[in-house]
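Structure below is model-v1.txt: compact mmCIF, C-alpha atoms.
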```txt
# COMPACT_ATOMS: atom_id res chain seq x y z
CA MET A 27 -17.13 11.42 10.74
CA LYS A 28 -19.44 13.20 13.19
CA PHE A 29 -19.03 11.36 16.50
CA CYS A 30 -16.16 9.75 18.39
CA SER A 31 -16.15 5.98 17.86
CA GLN A 32 -14.68 5.54 21.37
CA CYS A 33 -17.03 7.68 23.47
CA ALA A 34 -19.84 8.93 21.14
CA HIS A 35 -19.01 12.61 21.83
CA PRO A 36 -19.22 14.94 18.76
CA VAL A 37 -15.82 15.39 17.09
CA VAL A 38 -14.18 18.58 15.82
CA PHE A 39 -12.00 18.85 12.71
CA GLU A 40 -8.85 20.70 13.78
CA ILE A 41 -5.08 20.61 13.55
CA PRO A 42 -3.74 18.83 16.68
CA PRO A 43 -0.68 20.22 18.56
CA ASP A 44 2.62 19.24 16.84
CA ASP A 45 0.76 18.34 13.64
CA ASN A 46 0.15 20.20 10.39
CA LEU A 47 -3.03 18.62 9.03
CA PRO A 48 -6.57 18.79 10.38
CA ARG A 49 -7.86 15.59 12.02
CA TYR A 50 -11.12 14.50 13.59
CA ILE A 51 -10.51 15.01 17.32
CA CYS A 52 -12.63 14.11 20.30
CA LEU A 53 -12.36 16.88 22.89
CA ASN A 54 -13.97 14.58 25.48
CA CYS A 55 -11.70 11.48 25.44
CA LYS A 56 -8.87 13.20 23.47
CA THR A 57 -8.74 10.49 20.77
CA ILE A 58 -7.36 11.69 17.42
CA HIS A 59 -9.06 9.80 14.58
CA TYR A 60 -6.52 9.56 11.75
CA GLN A 61 -7.78 8.73 8.26
CA ASN A 62 -5.43 7.16 5.75
CA PRO A 63 -5.49 5.80 2.19
CA LYS A 64 -6.81 2.31 1.58
CA ILE A 65 -5.07 -0.40 -0.40
CA VAL A 66 -6.89 -2.10 -3.28
CA VAL A 67 -5.19 -5.32 -4.39
CA CYS A 68 -5.89 -6.78 -7.85
CA SER A 69 -4.52 -9.73 -9.78
CA ILE A 70 -3.75 -10.17 -13.46
CA PRO A 71 -4.62 -13.87 -13.87
CA PHE A 72 -2.83 -15.07 -17.01
CA TRP A 73 -2.65 -18.26 -19.13
CA ASN A 74 0.40 -18.64 -21.32
CA LYS A 75 0.15 -22.27 -22.39
CA GLU A 76 -1.28 -21.41 -25.80
CA LYS A 77 0.00 -19.43 -28.76
CA GLU A 78 -1.36 -16.16 -27.44
CA VAL A 79 -1.28 -15.05 -23.80
CA SER A 80 -4.73 -14.46 -22.38
CA ILE A 81 -5.98 -12.91 -19.11
CA LEU A 82 -9.05 -13.49 -17.00
CA LEU A 83 -11.55 -10.65 -16.60
CA CYS A 84 -14.73 -10.41 -14.53
CA ARG A 85 -17.91 -8.61 -15.51
CA ARG A 86 -19.12 -6.73 -12.44
CA ALA A 87 -22.44 -7.69 -10.84
CA ILE A 88 -22.36 -4.73 -8.46
CA GLU A 89 -21.98 -0.97 -8.51
CA PRO A 90 -19.88 1.00 -9.19
CA ARG A 91 -19.60 0.12 -12.88
CA GLN A 92 -22.01 -2.79 -12.89
CA GLY A 93 -21.86 -4.69 -16.19
CA PHE A 94 -18.33 -3.50 -16.99
CA TRP A 95 -15.23 -5.70 -17.09
CA THR A 96 -12.44 -5.63 -14.56
CA LEU A 97 -9.55 -7.60 -13.10
CA PRO A 98 -10.26 -9.49 -9.86
CA GLY A 99 -9.53 -7.17 -6.93
CA GLY A 100 -10.80 -5.39 -3.87
CA PHE A 101 -9.91 -3.74 -0.59
CA MET A 102 -7.11 -5.39 1.37
CA GLU A 103 -8.31 -6.73 4.73
CA ASN A 104 -6.62 -6.48 8.10
CA ASN A 105 -4.52 -9.53 9.07
CA GLU A 106 -3.62 -10.54 5.52
CA THR A 107 -0.65 -9.83 3.25
CA THR A 108 -0.90 -8.14 -0.14
CA ARG A 109 -0.32 -11.48 -1.94
CA GLU A 110 -2.94 -13.19 0.24
CA ALA A 111 -5.36 -10.39 -0.68
CA ALA A 112 -4.66 -10.95 -4.40
CA LEU A 113 -5.24 -14.69 -3.98
CA ARG A 114 -8.44 -14.20 -1.97
CA GLU A 115 -9.97 -11.73 -4.40
CA THR A 116 -9.13 -13.96 -7.37
CA GLU A 117 -10.82 -16.91 -5.70
CA GLU A 118 -13.83 -14.90 -4.48
CA GLU A 119 -14.59 -12.97 -7.65
CA ALA A 120 -13.46 -15.35 -10.38
CA GLY A 121 -13.40 -18.80 -8.72
CA ALA A 122 -9.92 -19.17 -10.15
CA ASP A 123 -6.95 -21.14 -8.82
CA VAL A 124 -3.77 -19.09 -9.21
CA VAL A 125 -0.19 -18.82 -8.01
CA VAL A 126 0.45 -15.19 -7.16
CA ARG A 127 3.73 -14.01 -8.72
CA ASP A 128 5.48 -10.61 -8.80
CA LEU A 129 4.02 -7.23 -8.07
CA PHE A 130 3.44 -5.75 -11.53
CA ALA A 131 2.09 -2.25 -10.84
CA LEU A 132 1.55 0.30 -8.08
CA MET A 133 -0.87 3.14 -8.81
CA ASN A 134 -1.73 6.10 -6.65
CA LEU A 135 -5.27 7.50 -6.78
CA PRO A 136 -4.96 10.38 -4.29
CA THR A 137 -8.32 11.94 -5.20
CA VAL A 138 -10.09 8.85 -3.89
CA GLN A 139 -7.54 8.03 -1.15
CA GLN A 140 -6.52 4.70 -2.65
CA VAL A 141 -3.34 2.87 -3.63
CA HIS A 142 -3.87 0.07 -6.17
CA LEU A 143 -1.49 -2.90 -6.34
CA PHE A 144 -1.59 -5.33 -9.28
CA TYR A 145 -0.02 -8.78 -8.87
CA LEU A 146 0.71 -11.17 -11.73
CA ALA A 147 -1.14 -14.43 -11.06
CA GLU A 148 -0.52 -17.62 -13.01
CA LEU A 149 -3.67 -19.71 -13.56
CA ARG A 150 -3.07 -23.35 -12.58
CA ARG A 151 -5.84 -24.48 -14.95
CA LEU A 152 -8.48 -22.93 -17.20
CA SER A 153 -11.22 -23.29 -14.64
CA PHE A 154 -13.13 -20.36 -13.18
CA ALA A 155 -16.65 -19.26 -12.30
CA PRO A 156 -18.31 -15.98 -11.35
CA GLY A 157 -18.48 -15.22 -7.62
CA LEU A 158 -21.23 -13.23 -5.89
CA GLU A 159 -19.95 -9.87 -7.17
CA THR A 160 -19.39 -11.11 -10.74
CA LEU A 161 -21.82 -11.68 -13.63
CA GLU A 162 -19.43 -13.46 -15.98
CA THR A 163 -15.79 -14.58 -16.12
CA ARG A 164 -13.91 -14.99 -19.40
CA MET A 165 -10.41 -15.27 -20.85
CA PHE A 166 -9.32 -12.55 -23.27
CA THR A 167 -6.35 -12.33 -25.62
CA GLU A 168 -5.08 -8.82 -26.32
CA ARG A 169 -7.23 -8.53 -29.48
CA GLU A 170 -10.34 -9.55 -27.57
CA ILE A 171 -10.09 -7.06 -24.66
CA PRO A 172 -13.35 -5.03 -24.52
CA TRP A 173 -11.51 -1.70 -24.12
CA SER A 174 -14.64 0.45 -24.14
CA GLU A 175 -16.22 -1.70 -21.43
CA ILE A 176 -13.38 -1.75 -18.89
CA ALA A 177 -14.70 -0.65 -15.49
CA PHE A 178 -11.83 1.41 -14.07
CA THR A 179 -8.99 3.60 -15.33
CA SER A 180 -6.36 1.87 -13.20
CA THR A 181 -7.48 -1.53 -14.53
CA ARG A 182 -7.24 -0.29 -18.11
CA HIS A 183 -3.69 1.00 -17.54
CA ALA A 184 -2.63 -2.30 -15.93
CA ILE A 185 -4.04 -4.36 -18.83
CA GLU A 186 -2.43 -2.06 -21.44
CA MET A 187 0.92 -2.25 -19.67
CA PHE A 188 0.70 -6.02 -19.32
CA PHE A 189 0.07 -6.48 -23.05
CA SER A 190 2.78 -3.96 -24.01
CA ASP A 191 5.30 -6.76 -23.32
CA PRO A 192 3.61 -9.84 -21.87
CA GLN A 193 6.68 -12.05 -22.21
CA LYS A 194 8.76 -9.69 -20.10
CA ALA A 195 6.05 -9.66 -17.44
CA LEU A 196 5.73 -13.45 -17.44
CA ASP A 197 9.52 -13.88 -17.26
CA GLY A 198 9.56 -11.72 -14.12
CA GLN A 199 11.72 -9.17 -15.97
CA ALA A 200 9.29 -6.27 -16.09
CA ARG A 201 10.15 -3.19 -14.05
CA LEU A 202 7.50 -2.27 -11.51
CA TYR A 203 4.99 -0.06 -13.31
CA SER A 204 4.38 3.05 -11.17
CA LEU A 205 1.63 5.46 -12.07
CA ASP A 206 -0.05 8.40 -10.34
CA LEU A 207 -3.64 9.01 -11.45
CA LYS A 208 -4.13 12.47 -9.98
CA ARG A 209 -7.27 13.71 -11.67
CA LEU A 210 -9.65 10.79 -11.38
CA VAL A 211 -13.16 11.31 -10.13
CA PHE A 212 -15.42 8.54 -8.84
CA PRO A 213 -15.98 5.95 -10.28
CA VAL A 214 -12.28 5.71 -10.95
CA MET B 26 -14.69 0.94 17.99
CA LYS B 27 -17.67 1.24 20.32
CA PHE B 28 -19.97 3.81 18.72
CA CYS B 29 -21.04 4.71 15.18
CA SER B 30 -19.06 7.71 13.92
CA GLN B 31 -22.06 8.76 11.81
CA CYS B 32 -24.90 8.63 14.37
CA ALA B 33 -23.29 7.85 17.80
CA HIS B 34 -25.37 4.67 18.24
CA PRO B 35 -23.48 1.68 19.78
CA VAL B 36 -22.07 -0.64 17.11
CA VAL B 37 -22.14 -4.44 16.96
CA PHE B 38 -19.33 -6.64 15.59
CA GLU B 39 -20.99 -9.08 13.18
CA ILE B 40 -20.68 -10.57 9.72
CA PRO B 41 -22.84 -8.48 7.34
CA PRO B 42 -25.06 -10.19 4.72
CA ASP B 43 -23.04 -11.26 1.63
CA ASP B 44 -19.78 -10.91 3.56
CA ASN B 45 -17.52 -13.41 5.33
CA LEU B 46 -15.69 -11.30 7.92
CA PRO B 47 -17.09 -9.56 11.00
CA ARG B 48 -17.34 -5.77 10.76
CA TYR B 49 -18.42 -2.99 13.08
CA ILE B 50 -22.03 -2.36 12.06
CA CYS B 51 -24.45 0.32 13.17
CA LEU B 52 -27.92 -1.21 13.48
CA ASN B 53 -29.40 2.31 13.70
CA CYS B 54 -28.11 4.01 10.52
CA LYS B 55 -26.93 0.74 8.85
CA THR B 56 -23.38 2.00 8.23
CA ILE B 57 -20.76 -0.74 7.96
CA HIS B 58 -17.43 0.51 9.33
CA TYR B 59 -14.69 -1.27 7.41
CA GLN B 60 -11.17 -1.31 8.86
CA ASN B 61 -8.19 -1.80 6.58
CA PRO B 62 -4.38 -1.91 6.75
CA LYS B 63 -2.46 1.34 6.82
CA ILE B 64 0.46 2.24 4.58
CA VAL B 65 3.75 3.36 6.12
CA VAL B 66 6.09 5.00 3.60
CA CYS B 67 9.82 5.27 4.31
CA SER B 68 12.79 6.51 2.33
CA ILE B 69 16.35 5.25 2.08
CA PRO B 70 18.20 8.58 1.63
CA PHE B 71 21.57 7.73 0.08
CA TRP B 72 24.77 9.58 -0.87
CA ASN B 73 27.00 7.92 -3.45
CA LYS B 74 29.40 10.70 -4.34
CA GLU B 75 32.17 9.31 -2.15
CA LYS B 76 34.12 6.06 -2.12
CA GLU B 77 31.57 4.33 0.09
CA VAL B 78 27.82 4.67 -0.20
CA SER B 79 26.21 6.05 2.95
CA ILE B 80 22.60 6.41 4.10
CA LEU B 81 20.85 8.88 6.36
CA LEU B 82 19.31 7.62 9.59
CA CYS B 83 17.28 9.43 12.23
CA ARG B 84 17.40 8.81 15.97
CA ARG B 85 13.82 8.81 17.23
CA ALA B 86 12.69 11.52 19.67
CA ILE B 87 9.33 9.83 20.26
CA GLU B 88 7.86 6.48 21.26
CA PRO B 89 7.74 3.77 20.15
CA ARG B 90 11.49 3.07 20.23
CA GLN B 91 12.63 6.48 21.40
CA GLY B 92 16.42 6.83 21.12
CA PHE B 93 16.71 4.13 18.45
CA TRP B 94 17.74 4.73 14.83
CA THR B 95 15.41 4.48 11.85
CA LEU B 96 14.90 5.52 8.25
CA PRO B 97 12.68 8.56 7.69
CA GLY B 98 9.07 7.38 7.35
CA GLY B 99 5.54 7.47 8.63
CA PHE B 100 1.88 6.91 7.85
CA MET B 101 0.79 7.89 4.36
CA GLU B 102 -1.78 10.71 4.40
CA ASN B 103 -4.95 11.04 2.37
CA ASN B 104 -4.58 13.13 -0.80
CA GLU B 105 -0.92 12.34 -1.40
CA THR B 106 0.92 9.75 -3.48
CA THR B 107 3.35 7.20 -2.07
CA ARG B 108 6.34 9.14 -3.48
CA GLU B 109 4.98 12.40 -2.06
CA ALA B 110 4.69 10.68 1.32
CA ALA B 111 8.33 9.53 1.10
CA LEU B 112 9.43 13.08 0.21
CA ARG B 113 7.35 14.66 2.98
CA GLU B 114 8.57 12.30 5.70
CA THR B 115 12.20 12.78 4.62
CA GLU B 116 11.80 16.55 4.83
CA GLU B 117 9.84 16.48 8.10
CA GLU B 118 11.97 14.00 10.04
CA ALA B 119 15.42 14.60 8.59
CA GLY B 120 15.29 18.08 7.03
CA ALA B 121 16.81 16.49 3.95
CA ASP B 122 16.42 17.44 0.30
CA VAL B 123 16.01 14.31 -1.82
CA VAL B 124 14.86 13.11 -5.20
CA VAL B 125 12.63 10.09 -4.64
CA ARG B 126 13.64 7.23 -6.97
CA ASP B 127 12.38 3.64 -7.35
CA LEU B 128 10.35 1.64 -4.91
CA PHE B 129 12.93 -0.64 -3.27
CA ALA B 130 10.89 -2.82 -0.89
CA LEU B 131 7.33 -3.74 0.06
CA MET B 132 6.83 -5.44 3.42
CA ASN B 133 3.65 -6.83 4.91
CA LEU B 134 3.17 -6.65 8.69
CA PRO B 135 -0.25 -8.31 9.00
CA THR B 136 -0.09 -8.63 12.80
CA VAL B 137 -0.08 -4.84 13.10
CA GLN B 138 -2.24 -4.16 10.01
CA GLN B 139 0.48 -2.30 8.13
CA VAL B 140 2.15 -2.36 4.72
CA HIS B 141 5.59 -0.71 4.62
CA LEU B 142 6.95 0.80 1.41
CA PHE B 143 10.62 1.83 1.12
CA TYR B 144 11.64 4.25 -1.62
CA LEU B 145 15.22 4.95 -2.66
CA ALA B 146 15.89 8.67 -2.25
CA GLU B 147 18.95 10.43 -3.63
CA LEU B 148 20.24 13.24 -1.41
CA ARG B 149 20.79 16.43 -3.41
CA ARG B 150 23.38 17.59 -0.90
CA LEU B 151 24.80 16.56 2.48
CA SER B 152 22.54 18.87 4.41
CA PHE B 153 20.01 17.68 6.98
CA ALA B 154 18.71 18.46 10.45
CA PRO B 155 16.49 16.70 12.99
CA GLY B 156 12.77 17.46 12.79
CA LEU B 157 10.36 17.49 15.74
CA GLU B 158 10.22 13.69 15.99
CA THR B 159 14.00 13.24 15.64
CA LEU B 160 16.86 13.65 18.14
CA GLU B 161 19.73 13.35 15.71
CA THR B 162 20.37 12.81 11.99
CA ARG B 163 23.56 11.23 10.67
CA MET B 164 25.06 9.55 7.60
CA PHE B 165 26.22 5.94 8.00
CA THR B 166 28.32 3.74 5.76
CA GLU B 167 27.59 0.01 5.96
CA ARG B 168 30.34 -0.52 8.57
CA GLU B 169 28.96 2.27 10.74
CA ILE B 170 25.30 1.12 10.90
CA PRO B 171 24.31 0.74 14.61
CA TRP B 172 22.65 -2.64 14.03
CA SER B 173 21.77 -3.22 17.68
CA GLU B 174 20.12 0.20 17.90
CA ILE B 175 17.84 0.01 14.85
CA ALA B 176 14.27 0.83 15.88
CA PHE B 177 12.19 -1.53 13.75
CA THR B 178 12.51 -4.97 12.15
CA SER B 179 11.28 -3.77 8.75
CA THR B 180 13.83 -0.94 8.79
CA ARG B 181 16.64 -3.38 9.62
CA HIS B 182 15.64 -5.65 6.73
CA ALA B 183 15.51 -2.73 4.31
CA ILE B 184 18.96 -1.47 5.34
CA GLU B 185 20.46 -4.99 5.14
CA MET B 186 18.96 -5.54 1.69
CA PHE B 187 20.15 -2.14 0.48
CA PHE B 188 23.74 -2.84 1.53
CA SER B 189 23.65 -6.38 0.10
CA ASP B 190 24.16 -4.78 -3.33
CA PRO B 191 24.04 -0.98 -3.13
CA GLN B 192 25.27 -0.45 -6.67
CA LYS B 193 22.43 -2.52 -8.11
CA ALA B 194 19.94 -0.51 -6.05
CA LEU B 195 21.46 2.81 -7.13
CA ASP B 196 21.51 1.75 -10.78
CA GLY B 197 17.78 1.04 -10.57
CA GLN B 198 18.47 -2.62 -11.35
CA ALA B 199 17.40 -4.16 -8.05
CA ARG B 200 14.31 -6.35 -8.08
CA LEU B 201 11.58 -5.18 -5.74
CA TYR B 202 12.31 -6.70 -2.34
CA SER B 203 9.11 -8.31 -1.03
CA LEU B 204 8.92 -9.57 2.51
CA ASP B 205 6.15 -10.76 4.82
CA LEU B 206 6.87 -10.25 8.52
CA LYS B 207 4.13 -12.44 9.95
CA ARG B 208 5.13 -12.86 13.58
CA LEU B 209 6.01 -9.35 14.67
CA VAL B 210 4.62 -7.95 17.86
CA PHE B 211 4.49 -4.27 18.71
CA PRO B 212 6.85 -2.38 18.54
CA VAL B 213 7.60 -3.89 15.17
```

Output the structure of this file as structure tokens.
Amino acid sequence: MKFCSQCAHPVVFEIPPDDNLPRYICLNCKTIHYQNPKIVVCSIPFWNKEKEVSILLCRRAIEPRQGFWTLPGGFMENNETTREAALRETEEEAGADVVVRDLFALMNLPTVQQVHLFYLAELRRLSFAPGLETLETRMFTEREIPWSEIAFTSTRHAIEMFFSDPQKALDGQARLYSLDLKRLVFPV
Amino acid sequence: MKFCSQCAHPVVFEIPPDDNLPRYICLNCKTIHYQNPKIVVCSIPFWNKEKEVSILLCRRAIEPRQGFWTLPGGFMENNETTREAALRETEEEAGADVVVRDLFALMNLPTVQQVHLFYLAELRRLSFAPGLETLETRMFTEREIPWSEIAFTSTRHAIEMFFSDPQKALDGQARLYSLDLKRLVFPV
């Protein structure tokens, strides 16, 4: 941030009165521009109507990590709830029709100023199609997960935790999985 | 937002290519300025070493809702985790020494672009003192809660839910309490 978004005056980076962290401050219009972590909401779209549970992954069409596999997800928008964000991202990226269930995991990524939320999402039917940001969508059982081609560390942890006891997760009996990923560098 | 924070050029509010929501866009330097919900992290500081469980509330010294009672909490900062935010706010606002336990509640407030997280926090000792933003700090059993003087709707819901089964919460057996507060107007 170089200029005030309210009055276009150059900003300074200083600790305001009665505060203890530096902020971008406009000395002209006095606006303090706070910067805060962003929420990334992902879903774990699952299908449990066969012998083995499988989940839906998307191969990324865009950077970062183009060509790698990930769960549907993205930045939460203003004016939506976390579950609505999970539903929207699952529709947009994977063309999938899901019922969003429990929150499964909360991960902190303080080095990139993000909090990742992972919601369980039950597929209504085995129908999906890549969206604009996706090259390919596919169901994977645990044995089929392309571990070396997973796009992001948080995604990998969520998938591992899901398959550590899928029945517990699907029964809504899993404890919320909390994880702090404190050393990640971009891409995460 | 009126001006680009990168180059000070006036911004427009339009839907970018390959997007479906309007954003503030700088037509000069091409920066798209995304705006996303902010995370508010609160704690529920509890003391369960007496016959009745009690919780620590703070009477607000600042607007909004000056003079009303609330749980310690505030906007999550960059470069910290959600638990670190809960710890920091509890220290800053209530001068209390806590061990942050499980996430107890997640509430969406889409009309004000906020997500509120409430962490259980075990007081190490019955010692606390108002911080700069607090007039008064006090322990309350369920019977003593000043329901008509609680500052915020989300806080009231969290306190009600906590006292609906405090033992379950303290045993770490409570399910995550998820709530969408879709009609709130400021102050929330």

Matching every Cα in sequence order between the two identical chains, what are the coordinates of chain A once fitted onto chain B? Write them as a compact mmCIF listing (two decimals) with C-alpha atoms, keeping the file's coordinate frame.
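Done, and the output landed in result_31.txt:
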```txt
# COMPACT_ATOMS: atom_id res chain seq x y z
CA MET A 27 -14.64 0.99 17.98
CA LYS A 28 -17.63 1.28 20.32
CA PHE A 29 -19.93 3.86 18.72
CA CYS A 30 -20.98 4.76 15.19
CA SER A 31 -19.00 7.75 13.92
CA GLN A 32 -22.03 8.80 11.81
CA CYS A 33 -24.84 8.68 14.38
CA ALA A 34 -23.24 7.90 17.80
CA HIS A 35 -25.32 4.71 18.24
CA PRO A 36 -23.43 1.72 19.79
CA VAL A 37 -22.02 -0.61 17.12
CA VAL A 38 -22.10 -4.41 16.97
CA PHE A 39 -19.32 -6.62 15.60
CA GLU A 40 -20.98 -9.04 13.19
CA ILE A 41 -20.68 -10.55 9.74
CA PRO A 42 -22.83 -8.45 7.33
CA PRO A 43 -25.06 -10.17 4.70
CA ASP A 44 -23.04 -11.26 1.62
CA ASP A 45 -19.77 -10.91 3.55
CA ASN A 46 -17.54 -13.41 5.33
CA LEU A 47 -15.71 -11.30 7.91
CA PRO A 48 -17.07 -9.55 10.99
CA ARG A 49 -17.33 -5.75 10.75
CA TYR A 50 -18.39 -2.97 13.08
CA ILE A 51 -22.00 -2.31 12.07
CA CYS A 52 -24.41 0.36 13.19
CA LEU A 53 -27.88 -1.16 13.49
CA ASN A 54 -29.37 2.35 13.70
CA CYS A 55 -28.07 4.06 10.51
CA LYS A 56 -26.90 0.78 8.87
CA THR A 57 -23.35 2.05 8.24
CA ILE A 58 -20.73 -0.72 7.97
CA HIS A 59 -17.40 0.54 9.34
CA TYR A 60 -14.67 -1.28 7.40
CA GLN A 61 -11.15 -1.33 8.86
CA ASN A 62 -8.19 -1.84 6.56
CA PRO A 63 -4.38 -1.94 6.74
CA LYS A 64 -2.46 1.31 6.80
CA ILE A 65 0.46 2.20 4.57
CA VAL A 66 3.75 3.33 6.12
CA VAL A 67 6.07 4.98 3.59
CA CYS A 68 9.81 5.25 4.30
CA SER A 69 12.78 6.50 2.32
CA ILE A 70 16.34 5.25 2.08
CA PRO A 71 18.17 8.58 1.62
CA PHE A 72 21.56 7.75 0.08
CA TRP A 73 24.77 9.62 -0.87
CA ASN A 74 26.98 7.94 -3.43
CA LYS A 75 29.40 10.73 -4.32
CA GLU A 76 32.16 9.35 -2.12
CA LYS A 77 34.11 6.10 -2.08
CA GLU A 78 31.58 4.35 0.12
CA VAL A 79 27.80 4.69 -0.18
CA SER A 80 26.21 6.07 2.96
CA ILE A 81 22.58 6.43 4.10
CA LEU A 82 20.83 8.89 6.35
CA LEU A 83 19.29 7.63 9.60
CA CYS A 84 17.25 9.43 12.25
CA ARG A 85 17.39 8.81 15.98
CA ARG A 86 13.80 8.81 17.24
CA ALA A 87 12.67 11.51 19.68
CA ILE A 88 9.31 9.83 20.26
CA GLU A 89 7.87 6.48 21.27
CA PRO A 90 7.74 3.74 20.16
CA ARG A 91 11.48 3.05 20.22
CA GLN A 92 12.61 6.46 21.39
CA GLY A 93 16.40 6.83 21.13
CA PHE A 94 16.71 4.13 18.45
CA TRP A 95 17.72 4.73 14.84
CA THR A 96 15.42 4.47 11.87
CA LEU A 97 14.90 5.51 8.26
CA PRO A 98 12.67 8.55 7.68
CA GLY A 99 9.07 7.35 7.35
CA GLY A 100 5.53 7.45 8.63
CA PHE A 101 1.88 6.88 7.85
CA MET A 102 0.78 7.86 4.35
CA GLU A 103 -1.79 10.68 4.40
CA ASN A 104 -4.96 11.00 2.36
CA ASN A 105 -4.60 13.09 -0.82
CA GLU A 106 -0.93 12.32 -1.41
CA THR A 107 0.92 9.73 -3.49
CA THR A 108 3.35 7.18 -2.08
CA ARG A 109 6.34 9.13 -3.50
CA GLU A 110 4.98 12.39 -2.08
CA ALA A 111 4.67 10.66 1.30
CA ALA A 112 8.32 9.52 1.09
CA LEU A 113 9.41 13.06 0.21
CA ARG A 114 7.32 14.64 2.98
CA GLU A 115 8.55 12.29 5.68
CA THR A 116 12.17 12.77 4.62
CA GLU A 117 11.78 16.53 4.83
CA GLU A 118 9.82 16.47 8.10
CA GLU A 119 11.95 14.00 10.03
CA ALA A 120 15.42 14.58 8.61
CA GLY A 121 15.27 18.07 7.03
CA ALA A 122 16.78 16.49 3.95
CA ASP A 123 16.38 17.45 0.29
CA VAL A 124 15.98 14.32 -1.83
CA VAL A 125 14.82 13.10 -5.22
CA VAL A 126 12.61 10.09 -4.65
CA ARG A 127 13.63 7.23 -6.97
CA ASP A 128 12.38 3.63 -7.35
CA LEU A 129 10.35 1.62 -4.92
CA PHE A 130 12.93 -0.64 -3.27
CA ALA A 131 10.88 -2.82 -0.89
CA LEU A 132 7.33 -3.77 0.05
CA MET A 133 6.84 -5.47 3.41
CA ASN A 134 3.67 -6.86 4.90
CA LEU A 135 3.18 -6.68 8.67
CA PRO A 136 -0.25 -8.35 9.00
CA THR A 137 -0.08 -8.66 12.79
CA VAL A 138 -0.08 -4.87 13.09
CA GLN A 139 -2.23 -4.21 9.99
CA GLN A 140 0.48 -2.34 8.11
CA VAL A 141 2.15 -2.41 4.70
CA HIS A 142 5.59 -0.74 4.62
CA LEU A 143 6.96 0.76 1.40
CA PHE A 144 10.62 1.80 1.12
CA TYR A 145 11.63 4.24 -1.63
CA LEU A 146 15.22 4.95 -2.67
CA ALA A 147 15.87 8.68 -2.25
CA GLU A 148 18.93 10.43 -3.64
CA LEU A 149 20.22 13.25 -1.40
CA ARG A 150 20.77 16.44 -3.42
CA ARG A 151 23.35 17.64 -0.88
CA LEU A 152 24.76 16.57 2.48
CA SER A 153 22.51 18.88 4.43
CA PHE A 154 19.98 17.68 6.99
CA ALA A 155 18.68 18.47 10.46
CA PRO A 156 16.49 16.69 13.00
CA GLY A 157 12.76 17.46 12.79
CA LEU A 158 10.34 17.49 15.74
CA GLU A 159 10.20 13.68 15.98
CA THR A 160 13.98 13.22 15.63
CA LEU A 161 16.82 13.63 18.15
CA GLU A 162 19.72 13.35 15.72
CA THR A 163 20.35 12.80 12.00
CA ARG A 164 23.55 11.22 10.69
CA MET A 165 25.04 9.55 7.62
CA PHE A 166 26.20 5.95 8.01
CA THR A 167 28.32 3.75 5.76
CA GLU A 168 27.59 0.03 5.97
CA ARG A 169 30.34 -0.50 8.59
CA GLU A 170 28.94 2.28 10.75
CA ILE A 171 25.29 1.12 10.92
CA PRO A 172 24.31 0.75 14.62
CA TRP A 173 22.65 -2.65 14.05
CA SER A 174 21.76 -3.23 17.70
CA GLU A 175 20.11 0.18 17.92
CA ILE A 176 17.84 0.01 14.86
CA ALA A 177 14.26 0.82 15.89
CA PHE A 178 12.18 -1.55 13.75
CA THR A 179 12.51 -4.98 12.14
CA SER A 180 11.29 -3.79 8.75
CA THR A 181 13.84 -0.95 8.78
CA ARG A 182 16.64 -3.38 9.62
CA HIS A 183 15.66 -5.67 6.72
CA ALA A 184 15.50 -2.73 4.29
CA ILE A 185 18.96 -1.47 5.34
CA GLU A 186 20.47 -4.99 5.13
CA MET A 187 18.97 -5.52 1.69
CA PHE A 188 20.14 -2.12 0.48
CA PHE A 189 23.74 -2.82 1.53
CA SER A 190 23.66 -6.37 0.11
CA ASP A 191 24.18 -4.76 -3.33
CA PRO A 192 24.04 -0.96 -3.13
CA GLN A 193 25.28 -0.43 -6.68
CA LYS A 194 22.44 -2.50 -8.10
CA ALA A 195 19.94 -0.49 -6.06
CA LEU A 196 21.44 2.84 -7.12
CA ASP A 197 21.50 1.76 -10.79
CA GLY A 198 17.77 1.05 -10.58
CA GLN A 199 18.48 -2.63 -11.34
CA ALA A 200 17.41 -4.16 -8.04
CA ARG A 201 14.33 -6.37 -8.08
CA LEU A 202 11.59 -5.19 -5.75
CA TYR A 203 12.33 -6.70 -2.34
CA SER A 204 9.12 -8.32 -1.03
CA LEU A 205 8.95 -9.59 2.51
CA ASP A 206 6.17 -10.79 4.81
CA LEU A 207 6.89 -10.28 8.51
CA LYS A 208 4.16 -12.48 9.95
CA ARG A 209 5.17 -12.89 13.57
CA LEU A 210 6.03 -9.37 14.65
CA VAL A 211 4.62 -7.97 17.85
CA PHE A 212 4.50 -4.27 18.71
CA PRO A 213 6.84 -2.38 18.54
CA VAL A 214 7.61 -3.88 15.17
```

I need the residue nearest chain A from this list: B:Leu195, B:Met186, B:Ala33, B:Ile80. Use all atoms listed in the file for the distance. B:Ala33

Chain B contacts to chain A at 9 Å (only C-alpha atoms) as a ChimeraX atom specification: /B:26-36,43,59-64,100-107,127-128,132-140,157,198,200-201,203,205,207

Between B:Phe188, B:Phe93, B:Tyr49, B:Phe129, smallest distance to Phe165 (chain B) by all atoms listed in the file belongs to B:Phe188

For a test of reading the model, state the distance in Å between CA of Thr180 (chain B) and CA of Arg90 (chain B), rounded to one decimal. 12.3 Å

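Nearest to Ala111 (chain A) of all the residues A:Leu210, A:Cys68, A:Glu162, A:Val79 is A:Cys68, counting only C-alpha atoms.
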
Select all residues near (12.7, 2.0, 13.4) (cut-off 12 Å, inclusive, file coordinates), counting all atoms listed in the file, and output them as an MDAnalysis selection string. chainID B and resid 65 67:68 82:99 141 159 171:184 211:213
